[in-house]
Amino acid sequence: MIVIERQSPDGYLEMQVSGRVTEADYQDVVIPAIERGLHDTDQLRVLLVIGPDFEGYSAGAAWADTKLGLSHWRGFERAAVATDNTFVANATRVFGAFMPCPVKVFPLAEADAARRWLEESLGTIHLREGPGNLLRAELVGTLDRAAYDRTESRIDGFIAGHERIRLIVDLREFDGWQGLGALGEHLSLMREHRHAPERVAVLGQTGWQQMGQRVFGRMLKAETRFFDAADAQAAEAWVTG
């Protein structure tokens, strides 16, 4: 059985799961709730609280769950599962790695932590315009798709105002991406504007960031160079020189 515990106009949806879940639960409860939520907002933040009396999914429910996920593939901003069921937790972690949104598993006793995670801001991109055609992009924390959505129009506007730009990408406080969706947004942004930069300086402090500079540098029609975290002044001098 699935019961809607809370649904708000800002895209938050919490569902309690117990007993055996059937196809009727999806048809009568889950699908109408998802459609209501997507009518109010573009993406949903969903929490499933799976109690200790959970008995599993019927075959019809499993198929309904698959169809729901495929039909609303990009309709979720973030998803969390609070459960002590080992099989459900492990399966969620495996399938969550392929979802376009961040997915996280919490013990049942930490359902409040799951709610806070769904509400909090994971990471952000700070854009700072320098003299001339210089743009600094500071990636902070763990980025989700929403972080790119919040900054895309400003990036587009800056690029539109300059024939070519010089870019500093500051990764010193960057922790990575929340799911494949966020990484996909990053790659999409780079492909869309691959002709805009003429020089790109990447400022970081770990090996994977330096490797990322080499990979991303091949996608851009620009000269790129990696600088250690302590060499911020050298990075600016090179990119503007």
# chains A, B, ... in the order shown; residues from 1 in each chain; ligands from 1

call {"tool": "select_by_dssp", "arguments": {"residues": "range 141-186 of chain A", "states": "helix (DSSP H, G or I)", "output": "PyMOL selection string"}}
result
chain A and resi 145-160+179-186

call {"tool": "write_last_selection", "arguments": {"atoms": "C-alpha atoms", "output": "mmCIF file, in the first residue's frame"}}
result
data_model
loop_
_atom_site.group_PDB
_atom_site.id
_atom_site.type_symbol
_atom_site.label_atom_id
_atom_site.label_comp_id
_atom_site.auth_asym_id
_atom_site.auth_seq_id
_atom_site.Cartn_x
_atom_site.Cartn_y
_atom_site.Cartn_z
ATOM 1 C CA ARG A 145 20.865 20.016 -12.448
ATOM 2 C CA ALA A 146 19.128 22.934 -10.749
ATOM 3 C CA ALA A 147 22.485 24.690 -10.227
ATOM 4 C CA TYR A 148 22.978 24.794 -13.998
ATOM 5 C CA ASP A 149 19.397 25.904 -14.596
ATOM 6 C CA ARG A 150 19.937 28.883 -12.261
ATOM 7 C CA THR A 151 23.023 30.133 -14.107
ATOM 8 C CA GLU A 152 22.444 29.164 -17.737
ATOM 9 C CA SER A 153 20.706 32.391 -18.786
ATOM 10 C CA ARG A 154 23.451 34.556 -17.274
ATOM 11 C CA ILE A 155 26.165 32.538 -19.028
ATOM 12 C CA ASP A 156 24.261 32.831 -22.310
ATOM 13 C CA GLY A 157 23.946 36.584 -21.818
ATOM 14 C CA PHE A 158 27.645 37.108 -21.117
ATOM 15 C CA ILE A 159 28.691 35.049 -24.125
ATOM 16 C CA ALA A 160 26.206 36.890 -26.341
ATOM 17 C CA GLY A 179 24.044 12.036 -10.545
ATOM 18 C CA LEU A 180 24.340 11.649 -14.280
ATOM 19 C CA GLY A 181 21.782 14.371 -14.926
ATOM 20 C CA ALA A 182 24.018 17.080 -13.470
ATOM 21 C CA LEU A 183 27.067 15.799 -15.345
ATOM 22 C CA GLY A 184 24.968 15.718 -18.517
ATOM 23 C CA GLU A 185 23.988 19.366 -18.002
ATOM 24 C CA HIS A 186 27.672 20.277 -17.618
#

call {"tool": "residues_around", "arguments": {"residues": "range 191-205 of chain A", "least_positions_apart": "3", "cutoff": "9 Å", "atoms": "only C-alpha atoms", "output": "CSV table (one decimal) with C-alpha atoms, in the first residue's frame"}}
result
chain,number,residue,atom,x,y,z
A,156,ASP,CA,24.3,32.8,-22.3
A,159,ILE,CA,28.7,35.0,-24.1
A,162,HIS,CA,31.4,39.1,-26.4
A,163,GLU,CA,32.8,37.6,-29.6
A,164,ARG,CA,35.1,35.4,-27.7
A,165,ILE,CA,35.6,35.0,-23.9
A,166,ARG,CA,38.3,34.1,-21.5
A,167,LEU,CA,37.3,31.8,-18.7
A,168,ILE,CA,38.6,30.8,-15.3
A,169,VAL,CA,36.9,27.7,-13.9
A,170,ASP,CA,37.6,27.5,-10.1
A,171,LEU,CA,37.2,24.0,-8.7
A,172,ARG,CA,38.9,24.5,-5.4
A,173,GLU,CA,35.6,24.0,-3.5
A,174,PHE,CA,34.0,21.6,-6.0
A,186,HIS,CA,27.7,20.3,-17.6
A,187,LEU,CA,28.6,18.5,-20.8
A,188,SER,CA,25.7,19.9,-22.7
A,208,TRP,CA,40.8,14.0,-11.1
A,209,GLN,CA,40.3,17.8,-11.6
A,210,GLN,CA,43.5,18.0,-13.6
A,213,GLN,CA,40.7,19.7,-17.6
A,217,GLY,CA,39.8,20.7,-23.1
A,219,MET,CA,35.7,19.4,-26.3
A,220,LEU,CA,36.3,23.1,-26.4
A,221,LYS,CA,37.7,25.1,-29.3
A,222,ALA,CA,40.1,26.8,-26.9
A,223,GLU,CA,43.5,26.7,-25.3
A,224,THR,CA,43.2,25.2,-21.8
A,225,ARG,CA,45.6,24.9,-18.9
A,226,PHE,CA,45.4,23.5,-15.3
A,227,PHE,CA,46.7,25.5,-12.4
A,228,ASP,CA,47.2,24.3,-8.8
A,229,ALA,CA,44.9,25.8,-6.1
A,230,ALA,CA,47.7,28.0,-4.8
A,231,ASP,CA,48.4,29.5,-8.3
A,232,ALA,CA,45.2,31.7,-8.7
A,235,ALA,CA,46.0,31.4,-13.7
A,236,GLU,CA,44.5,34.9,-14.1
A,238,TRP,CA,47.8,33.4,-18.1
A,239,VAL,CA,44.2,33.5,-19.1
A,240,THR,CA,44.2,37.3,-19.6

call {"tool": "select_by_dssp", "arguments": {"residues": "range 23-212 of chain A", "states": "strand (DSSP E or B)", "output": "PyMOL selection string"}}
result
chain A and resi 44-50+56-57+76-83+103-106+123-129+134-143+165-177+197-204

call {"tool": "atom_distance", "arguments": {"atom1": "CA of Thr142 in chain A", "atom2": "CA of Gly123 in chain A"}}
result
4.8 Å

call {"tool": "closest_residue", "arguments": {"among": "A:Leu118, A:Leu48, A:Gly130, A:Pro107", "to": "Asp10 in chain A", "atoms": "only C-alpha atoms"}}
result
A:Leu118

call {"tool": "closest_residue", "arguments": {"among": "A:Glu110, A:Glu119, A:Pro131, A:Gln178", "to": "Asp144 in chain A", "atoms": "only C-alpha atoms"}}
result
A:Gln178

call {"tool": "closest_residue", "arguments": {"among": "A:Asp28, A:Asp53, A:Glu35, A:Glu23", "to": "Thr66 in chain A", "atoms": "only C-alpha atoms"}}
result
A:Glu23

call {"tool": "closest_atom_pairs", "arguments": {"of": "range 4-47 of chain A", "to": "range 77-82 of chain A", "cutoff": "7 Å", "atoms": "only C-alpha atoms", "output": "JSON lines"}}
result
{"residue": "A:Gln43", "atom": "CA", "partner": "A:Glu77", "partner_atom": "CA", "distance": 5.2}
{"residue": "A:Leu44", "atom": "CA", "partner": "A:Glu77", "partner_atom": "CA", "distance": 5.4}
{"residue": "A:Arg45", "atom": "CA", "partner": "A:Arg78", "partner_atom": "CA", "distance": 4.8}
{"residue": "A:Val46", "atom": "CA", "partner": "A:Ala79", "partner_atom": "CA", "distance": 4.8}
{"residue": "A:Leu47", "atom": "CA", "partner": "A:Ala80", "partner_atom": "CA", "distance": 4.8}

call {"tool": "closest_atom_pairs", "arguments": {"of": "range 67-94 of chain A", "to": "range 38-41 of chain A", "cutoff": "12 Å", "atoms": "only C-alpha atoms", "output": "tab-separated table"}}
result
residue	atom	partner	partner_atom	distance
A:His72	CA	A:Leu38	CA	9.3
A:Arg74	CA	A:Leu38	CA	10.8
A:Gly75	CA	A:Leu38	CA	7.2
A:Phe76	CA	A:Leu38	CA	9.2
A:Glu77	CA	A:Thr41	CA	10.5

call {"tool": "atom_distance", "arguments": {"atom1": "CA of Leu127 in chain A", "atom2": "CA of Lys104 in chain A"}}
result
28.3 Å

call {"tool": "atom_distance", "arguments": {"atom1": "CA of Thr206 in chain A", "atom2": "CA of Asp175 in chain A"}}
result
10.5 Å

call {"tool": "residues_around", "arguments": {"residues": "Val30 in chain A", "least_positions_apart": "3", "cutoff": "12 Å", "atoms": "only C-alpha atoms", "output": "PyMOL selection string"}}
result
chain A and resi 1-5+7+13-17+21-27+33-37+46+48+61+64-65+68-69
